[in-house]
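Below is model15.cif, which holds mmCIF, N, CA and C atoms.
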data_coords
loop_
_atom_site.label_atom_id
_atom_site.label_comp_id
_atom_site.auth_asym_id
_atom_site.auth_seq_id
_atom_site.Cartn_x
_atom_site.Cartn_y
_atom_site.Cartn_z
N MET A 219 13.24 -2.99 0.42
CA MET A 219 12.04 -2.68 1.16
C MET A 219 12.25 -3.05 2.63
N ALA A 220 11.77 -2.18 3.49
CA ALA A 220 11.87 -2.41 4.93
C ALA A 220 11.07 -3.65 5.32
N LYS A 221 11.51 -4.31 6.39
CA LYS A 221 10.81 -5.50 6.88
C LYS A 221 9.54 -5.07 7.59
N LEU A 222 8.44 -5.66 7.18
CA LEU A 222 7.12 -5.31 7.71
C LEU A 222 6.79 -6.06 8.99
N ILE A 223 6.06 -5.41 9.86
CA ILE A 223 5.51 -6.06 11.04
C ILE A 223 4.05 -6.37 10.73
N TYR A 224 3.66 -7.62 10.93
CA TYR A 224 2.29 -8.06 10.62
C TYR A 224 1.56 -8.41 11.91
N ALA A 225 0.24 -8.33 11.86
CA ALA A 225 -0.59 -8.71 13.00
C ALA A 225 -0.66 -10.23 13.14
N ASN A 226 -0.76 -10.91 12.00
CA ASN A 226 -0.86 -12.37 11.98
C ASN A 226 -0.66 -12.86 10.54
N ALA A 227 -0.79 -14.14 10.32
CA ALA A 227 -0.56 -14.72 8.99
C ALA A 227 -1.57 -14.21 7.96
N GLN A 228 -2.82 -14.04 8.37
CA GLN A 228 -3.83 -13.50 7.45
C GLN A 228 -3.48 -12.09 7.02
N HIS A 229 -3.07 -11.29 7.97
CA HIS A 229 -2.67 -9.91 7.68
C HIS A 229 -1.49 -9.92 6.70
N ARG A 230 -0.54 -10.79 6.92
CA ARG A 230 0.63 -10.90 6.02
C ARG A 230 0.18 -11.21 4.60
N THR A 231 -0.70 -12.16 4.44
CA THR A 231 -1.17 -12.56 3.10
C THR A 231 -1.88 -11.40 2.41
N ILE A 232 -2.75 -10.73 3.11
CA ILE A 232 -3.52 -9.61 2.54
C ILE A 232 -2.59 -8.47 2.13
N ILE A 233 -1.73 -8.06 3.02
CA ILE A 233 -0.86 -6.91 2.78
C ILE A 233 0.20 -7.22 1.73
N ASP A 234 0.81 -8.39 1.80
CA ASP A 234 1.83 -8.74 0.82
C ASP A 234 1.27 -8.76 -0.61
N ALA A 235 0.07 -9.29 -0.77
CA ALA A 235 -0.54 -9.33 -2.11
C ALA A 235 -0.83 -7.91 -2.59
N TYR A 236 -1.31 -7.06 -1.71
CA TYR A 236 -1.61 -5.68 -2.10
C TYR A 236 -0.35 -4.91 -2.47
N ILE A 237 0.67 -5.04 -1.66
CA ILE A 237 1.94 -4.35 -1.94
C ILE A 237 2.52 -4.84 -3.26
N LEU A 238 2.50 -6.14 -3.48
CA LEU A 238 3.03 -6.70 -4.72
C LEU A 238 2.30 -6.13 -5.93
N MET A 239 0.98 -6.07 -5.87
CA MET A 239 0.20 -5.53 -6.98
C MET A 239 0.59 -4.08 -7.25
N CYS A 240 0.64 -3.27 -6.21
CA CYS A 240 0.99 -1.86 -6.37
C CYS A 240 2.39 -1.70 -6.95
N LYS A 241 3.33 -2.48 -6.45
CA LYS A 241 4.70 -2.40 -6.96
C LYS A 241 4.78 -2.81 -8.42
N GLU A 242 4.08 -3.86 -8.80
CA GLU A 242 4.11 -4.31 -10.20
C GLU A 242 3.51 -3.26 -11.13
N PHE A 243 2.40 -2.65 -10.72
CA PHE A 243 1.79 -1.59 -11.53
C PHE A 243 2.75 -0.42 -11.68
N ALA A 244 3.35 0.01 -10.58
CA ALA A 244 4.27 1.15 -10.61
C ALA A 244 5.50 0.84 -11.46
N LYS A 245 6.01 -0.36 -11.34
CA LYS A 245 7.20 -0.75 -12.11
C LYS A 245 6.88 -0.77 -13.60
N ASP A 246 5.72 -1.30 -13.95
CA ASP A 246 5.33 -1.40 -15.35
C ASP A 246 5.09 -0.03 -15.98
N ALA A 247 4.62 0.92 -15.21
CA ALA A 247 4.21 2.21 -15.74
C ALA A 247 5.33 3.26 -15.74
N SER A 248 6.50 2.94 -15.18
CA SER A 248 7.51 3.98 -15.00
C SER A 248 8.90 3.53 -15.41
N SER A 249 9.81 4.48 -15.33
CA SER A 249 11.23 4.19 -15.58
C SER A 249 11.85 3.63 -14.30
N LYS A 250 13.05 3.12 -14.42
CA LYS A 250 13.77 2.54 -13.28
C LYS A 250 13.97 3.59 -12.18
N SER A 251 14.38 4.78 -12.55
CA SER A 251 14.65 5.81 -11.53
C SER A 251 13.37 6.27 -10.84
N LYS A 252 12.28 6.41 -11.58
CA LYS A 252 11.02 6.79 -10.95
C LYS A 252 10.48 5.67 -10.07
N TYR A 253 10.66 4.44 -10.51
CA TYR A 253 10.23 3.29 -9.70
C TYR A 253 11.03 3.24 -8.40
N ASP A 254 12.32 3.52 -8.47
CA ASP A 254 13.14 3.56 -7.26
C ASP A 254 12.64 4.62 -6.29
N ASN A 255 12.21 5.77 -6.82
CA ASN A 255 11.61 6.81 -5.97
C ASN A 255 10.32 6.32 -5.33
N TYR A 256 9.52 5.59 -6.09
CA TYR A 256 8.29 5.01 -5.57
C TYR A 256 8.60 4.06 -4.40
N LEU A 257 9.63 3.25 -4.57
CA LEU A 257 10.02 2.31 -3.51
C LEU A 257 10.47 3.04 -2.24
N GLU A 258 11.08 4.20 -2.41
CA GLU A 258 11.48 5.00 -1.25
C GLU A 258 10.24 5.46 -0.47
N VAL A 259 9.21 5.86 -1.19
CA VAL A 259 7.96 6.28 -0.54
C VAL A 259 7.32 5.08 0.17
N LEU A 260 7.35 3.92 -0.48
CA LEU A 260 6.82 2.70 0.14
C LEU A 260 7.56 2.40 1.44
N ASP A 261 8.87 2.56 1.45
CA ASP A 261 9.64 2.34 2.68
C ASP A 261 9.22 3.30 3.79
N ILE A 262 8.92 4.54 3.44
CA ILE A 262 8.47 5.51 4.44
C ILE A 262 7.13 5.08 5.04
N ILE A 263 6.25 4.59 4.19
CA ILE A 263 4.94 4.10 4.66
C ILE A 263 5.14 2.91 5.60
N ILE A 264 6.01 2.00 5.22
CA ILE A 264 6.27 0.82 6.05
C ILE A 264 6.90 1.22 7.39
N GLU A 265 7.84 2.16 7.36
CA GLU A 265 8.45 2.62 8.60
C GLU A 265 7.40 3.24 9.53
N TYR A 266 6.50 4.02 8.95
CA TYR A 266 5.42 4.62 9.75
C TYR A 266 4.54 3.52 10.35
N HIS A 267 4.17 2.55 9.52
CA HIS A 267 3.36 1.41 9.97
C HIS A 267 4.05 0.68 11.12
N ASN A 268 5.32 0.37 10.93
CA ASN A 268 6.06 -0.39 11.94
C ASN A 268 6.24 0.38 13.24
N GLY A 269 6.34 1.70 13.16
CA GLY A 269 6.55 2.51 14.36
C GLY A 269 5.28 2.99 15.02
N TYR A 270 4.14 2.73 14.38
CA TYR A 270 2.87 3.22 14.92
C TYR A 270 2.60 2.57 16.28
N GLY A 271 2.12 3.38 17.19
CA GLY A 271 1.81 2.87 18.53
C GLY A 271 2.84 3.27 19.55
N SER A 272 3.97 3.80 19.09
CA SER A 272 5.01 4.19 20.04
C SER A 272 4.70 5.56 20.66
N GLY A 273 3.81 6.32 20.03
CA GLY A 273 3.40 7.61 20.57
C GLY A 273 2.32 7.45 21.63
N VAL A 274 2.14 8.47 22.41
CA VAL A 274 1.18 8.43 23.51
C VAL A 274 -0.25 8.25 23.01
N ARG A 275 -0.61 8.87 21.91
CA ARG A 275 -1.99 8.83 21.41
C ARG A 275 -2.17 7.87 20.25
N GLU A 276 -1.21 7.03 20.01
CA GLU A 276 -1.28 6.09 18.89
C GLU A 276 -1.43 4.67 19.43
N ASP A 277 -2.64 4.25 19.63
CA ASP A 277 -2.80 2.92 20.19
C ASP A 277 -4.00 2.17 19.63
N ASN A 278 -4.46 2.54 18.47
CA ASN A 278 -5.63 1.91 17.88
C ASN A 278 -5.19 0.82 16.92
N TRP A 279 -5.54 -0.41 17.21
CA TRP A 279 -5.15 -1.56 16.40
C TRP A 279 -5.70 -1.46 14.99
N TYR A 280 -6.95 -1.07 14.86
CA TYR A 280 -7.58 -0.94 13.55
C TYR A 280 -6.88 0.13 12.70
N SER A 281 -6.55 1.25 13.30
CA SER A 281 -5.82 2.30 12.57
C SER A 281 -4.48 1.79 12.08
N TRP A 282 -3.80 1.03 12.91
CA TRP A 282 -2.51 0.45 12.53
C TRP A 282 -2.67 -0.48 11.33
N LEU A 283 -3.70 -1.31 11.34
CA LEU A 283 -3.92 -2.24 10.23
C LEU A 283 -4.18 -1.51 8.91
N MET A 284 -4.79 -0.34 8.98
CA MET A 284 -5.18 0.39 7.77
C MET A 284 -4.10 1.33 7.23
N ILE A 285 -3.01 1.49 7.94
CA ILE A 285 -1.97 2.41 7.49
C ILE A 285 -1.47 2.06 6.10
N ILE A 286 -1.12 0.83 5.86
CA ILE A 286 -0.54 0.46 4.57
C ILE A 286 -1.56 0.57 3.44
N PRO A 287 -2.73 -0.03 3.54
CA PRO A 287 -3.63 0.07 2.39
C PRO A 287 -4.03 1.51 2.05
N ILE A 288 -4.31 2.31 3.05
CA ILE A 288 -4.76 3.67 2.78
C ILE A 288 -3.60 4.52 2.24
N ASN A 289 -2.49 4.51 2.93
CA ASN A 289 -1.36 5.35 2.51
C ASN A 289 -0.75 4.89 1.20
N LEU A 290 -0.67 3.59 0.99
CA LEU A 290 -0.11 3.09 -0.26
C LEU A 290 -1.04 3.38 -1.44
N SER A 291 -2.33 3.32 -1.20
CA SER A 291 -3.29 3.66 -2.25
C SER A 291 -3.15 5.12 -2.66
N VAL A 292 -3.06 6.01 -1.69
CA VAL A 292 -2.92 7.44 -1.98
C VAL A 292 -1.57 7.70 -2.67
N ALA A 293 -0.51 7.11 -2.17
CA ALA A 293 0.81 7.31 -2.76
C ALA A 293 0.86 6.79 -4.19
N THR A 294 0.28 5.64 -4.44
CA THR A 294 0.30 5.05 -5.78
C THR A 294 -0.55 5.88 -6.75
N ASN A 295 -1.70 6.33 -6.30
CA ASN A 295 -2.52 7.20 -7.16
C ASN A 295 -1.80 8.51 -7.47
N GLY A 296 -1.12 9.07 -6.52
CA GLY A 296 -0.33 10.27 -6.75
C GLY A 296 0.82 10.02 -7.72
N PHE A 297 1.45 8.88 -7.57
CA PHE A 297 2.53 8.48 -8.47
C PHE A 297 2.00 8.37 -9.90
N PHE A 298 0.86 7.72 -10.05
CA PHE A 298 0.26 7.59 -11.37
C PHE A 298 -0.15 8.94 -11.95
N ALA A 299 -0.64 9.85 -11.13
CA ALA A 299 -1.02 11.18 -11.61
C ALA A 299 0.20 11.90 -12.18
N GLY A 300 1.33 11.71 -11.55
CA GLY A 300 2.56 12.33 -12.04
C GLY A 300 3.10 11.70 -13.31
N LEU A 301 2.74 10.46 -13.56
CA LEU A 301 3.23 9.75 -14.75
C LEU A 301 2.32 9.89 -15.96
N GLU A 302 1.07 10.21 -15.72
CA GLU A 302 0.08 10.16 -16.80
C GLU A 302 0.36 11.18 -17.91
N THR A 303 0.35 10.69 -19.14
CA THR A 303 0.48 11.51 -20.34
C THR A 303 -0.62 11.09 -21.31
N LYS A 304 -0.72 11.78 -22.43
CA LYS A 304 -1.71 11.41 -23.43
C LYS A 304 -1.45 10.00 -23.95
N SER A 305 -0.19 9.64 -24.10
CA SER A 305 0.13 8.33 -24.69
C SER A 305 -0.07 7.15 -23.74
N ASN A 306 -0.03 7.38 -22.43
CA ASN A 306 -0.17 6.26 -21.50
C ASN A 306 -1.43 6.36 -20.63
N SER A 307 -2.30 7.31 -20.93
CA SER A 307 -3.45 7.56 -20.05
C SER A 307 -4.38 6.36 -19.92
N ALA A 308 -4.56 5.58 -20.98
CA ALA A 308 -5.44 4.41 -20.89
C ALA A 308 -4.89 3.38 -19.91
N VAL A 309 -3.61 3.14 -19.97
CA VAL A 309 -2.98 2.16 -19.08
C VAL A 309 -3.02 2.66 -17.64
N ILE A 310 -2.66 3.92 -17.43
CA ILE A 310 -2.64 4.49 -16.08
C ILE A 310 -4.05 4.47 -15.48
N ARG A 311 -5.03 4.82 -16.25
CA ARG A 311 -6.41 4.83 -15.74
C ARG A 311 -6.89 3.42 -15.42
N ALA A 312 -6.48 2.45 -16.21
CA ALA A 312 -6.83 1.06 -15.92
C ALA A 312 -6.19 0.62 -14.60
N TYR A 313 -4.92 0.96 -14.40
CA TYR A 313 -4.25 0.63 -13.15
C TYR A 313 -4.95 1.31 -11.96
N LYS A 314 -5.33 2.56 -12.13
CA LYS A 314 -6.00 3.29 -11.06
C LYS A 314 -7.36 2.66 -10.72
N THR A 315 -8.06 2.20 -11.73
CA THR A 315 -9.36 1.55 -11.49
C THR A 315 -9.17 0.26 -10.71
N VAL A 316 -8.21 -0.55 -11.12
CA VAL A 316 -7.94 -1.82 -10.42
C VAL A 316 -7.47 -1.52 -9.00
N LEU A 317 -6.61 -0.53 -8.85
CA LEU A 317 -6.11 -0.16 -7.52
C LEU A 317 -7.25 0.25 -6.60
N THR A 318 -8.19 1.01 -7.10
CA THR A 318 -9.34 1.43 -6.29
C THR A 318 -10.17 0.24 -5.85
N GLU A 319 -10.44 -0.67 -6.76
CA GLU A 319 -11.20 -1.87 -6.41
C GLU A 319 -10.44 -2.72 -5.40
N MET A 320 -9.14 -2.85 -5.60
CA MET A 320 -8.33 -3.68 -4.70
C MET A 320 -8.28 -3.10 -3.30
N VAL A 321 -8.15 -1.79 -3.16
CA VAL A 321 -8.05 -1.22 -1.82
C VAL A 321 -9.35 -1.44 -1.05
N PHE A 322 -10.49 -1.41 -1.74
CA PHE A 322 -11.76 -1.71 -1.06
C PHE A 322 -11.80 -3.18 -0.62
N GLU A 323 -11.33 -4.08 -1.46
CA GLU A 323 -11.28 -5.50 -1.08
C GLU A 323 -10.34 -5.71 0.10
N VAL A 324 -9.18 -5.07 0.06
CA VAL A 324 -8.20 -5.21 1.14
C VAL A 324 -8.76 -4.68 2.45
N THR A 325 -9.39 -3.52 2.42
CA THR A 325 -9.93 -2.97 3.68
C THR A 325 -11.09 -3.81 4.20
N ASP A 326 -11.88 -4.40 3.30
CA ASP A 326 -12.93 -5.32 3.75
C ASP A 326 -12.34 -6.55 4.43
N LYS A 327 -11.28 -7.09 3.86
CA LYS A 327 -10.62 -8.26 4.46
C LYS A 327 -10.01 -7.89 5.81
N ILE A 328 -9.42 -6.71 5.90
CA ILE A 328 -8.82 -6.28 7.16
C ILE A 328 -9.91 -6.03 8.20
N ASP A 329 -11.04 -5.50 7.78
CA ASP A 329 -12.17 -5.32 8.71
C ASP A 329 -12.57 -6.64 9.36
N ALA A 330 -12.43 -7.73 8.62
CA ALA A 330 -12.85 -9.04 9.11
C ALA A 330 -11.80 -9.70 10.01
N LEU A 331 -10.59 -9.15 10.07
CA LEU A 331 -9.54 -9.73 10.90
C LEU A 331 -9.90 -9.61 12.38
N GLU A 332 -9.57 -10.62 13.11
CA GLU A 332 -9.73 -10.62 14.56
C GLU A 332 -8.34 -10.59 15.20
N PRO A 333 -8.18 -9.85 16.28
CA PRO A 333 -6.86 -9.84 16.94
C PRO A 333 -6.58 -11.20 17.60
N ILE A 334 -5.62 -11.92 17.04
CA ILE A 334 -5.23 -13.21 17.58
C ILE A 334 -3.70 -13.23 17.70
N ASN A 335 -3.20 -13.96 18.64
CA ASN A 335 -1.75 -14.11 18.81
C ASN A 335 -1.31 -15.37 18.09
N GLU A 336 -0.22 -15.22 17.35
CA GLU A 336 0.35 -16.38 16.66
C GLU A 336 1.76 -16.60 17.08
#

So, in terms of structure tokens, how does the structure I just supplied come out?
Amino acid sequence: MAKLIYANAQHRTIIDAYILMCKEFAKDASSKSKYDNYLEVLDIIIEYHNGYGSGVREDNWYSWLMIIPINLSVATNGFFAGLETKSNSAVIRAYKTVLTEMVFEVTDKIDALEPINE
């Protein structure tokens, strides 16, 4: 996984916990090769997050903070949609429900962050 750039220690704690949960769900629900593909998508999201702000019209701190939770939520839900079968639908739907609740909690916590230098 690419090295993440964080706003501060609080941001690190929030994002690391969210990423870990998503990775554990994806790993549990898939094969090794599909999980490796998932990790590649996660790296793309992280690269986008880390590079955000280098463009002329990309300078919103709040947008930068929300890149990982929003994009990872969408990517993980898409990953689960591709994995879902009749035999695993209960597990996948449970993961999707928890993921939805978690992304709302994460965005609420990020909303409360204040820009501070550490």

Q) Using all atoms listed in the file, which residues sit within 7 Å of segment 244-259 of chain A once same-chain residues fewer than 5 positions away are excluded, as an MDAnalysis selection string? A) chainID A and resid 219 239 264 301

Q | Contacts of Ile286 of chain A within 7 Å, only C-alpha atoms, excl. fewer than 3 positions in-chain, as JSON, numbers by chain | A | {"A": [263, 264, 267, 289, 290]}

Q: Determine which residues of chain A receive a DSSP assignment of helix (DSSP H, G or I), computed from the backbone, and state them as a VMD selection string.
A: chain A and resid 227 to 247 250 to 269 279 to 301 307 to 329

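Nearest residue to Ala293 of chain A, choosing from A:Val324, A:Leu260, A:Ile233, A:Ala225 and counting only C-alpha atoms: A:Leu260.
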
**Q.** For Leu283 of chain A, the nearest of the candidates A:Lys241, A:Lys221, A:Ile328, A:Ala299, counting all atoms listed in the file
**A.** A:Ile328

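By only C-alpha atoms, and with residues fewer than 5 positions from Ala330 of chain A along its chain excluded, the set lying at most 12 Å from it is Gln228, His229, Ile232, Tyr280, Leu283, Glu323, Val324 and Thr325 of chain A.
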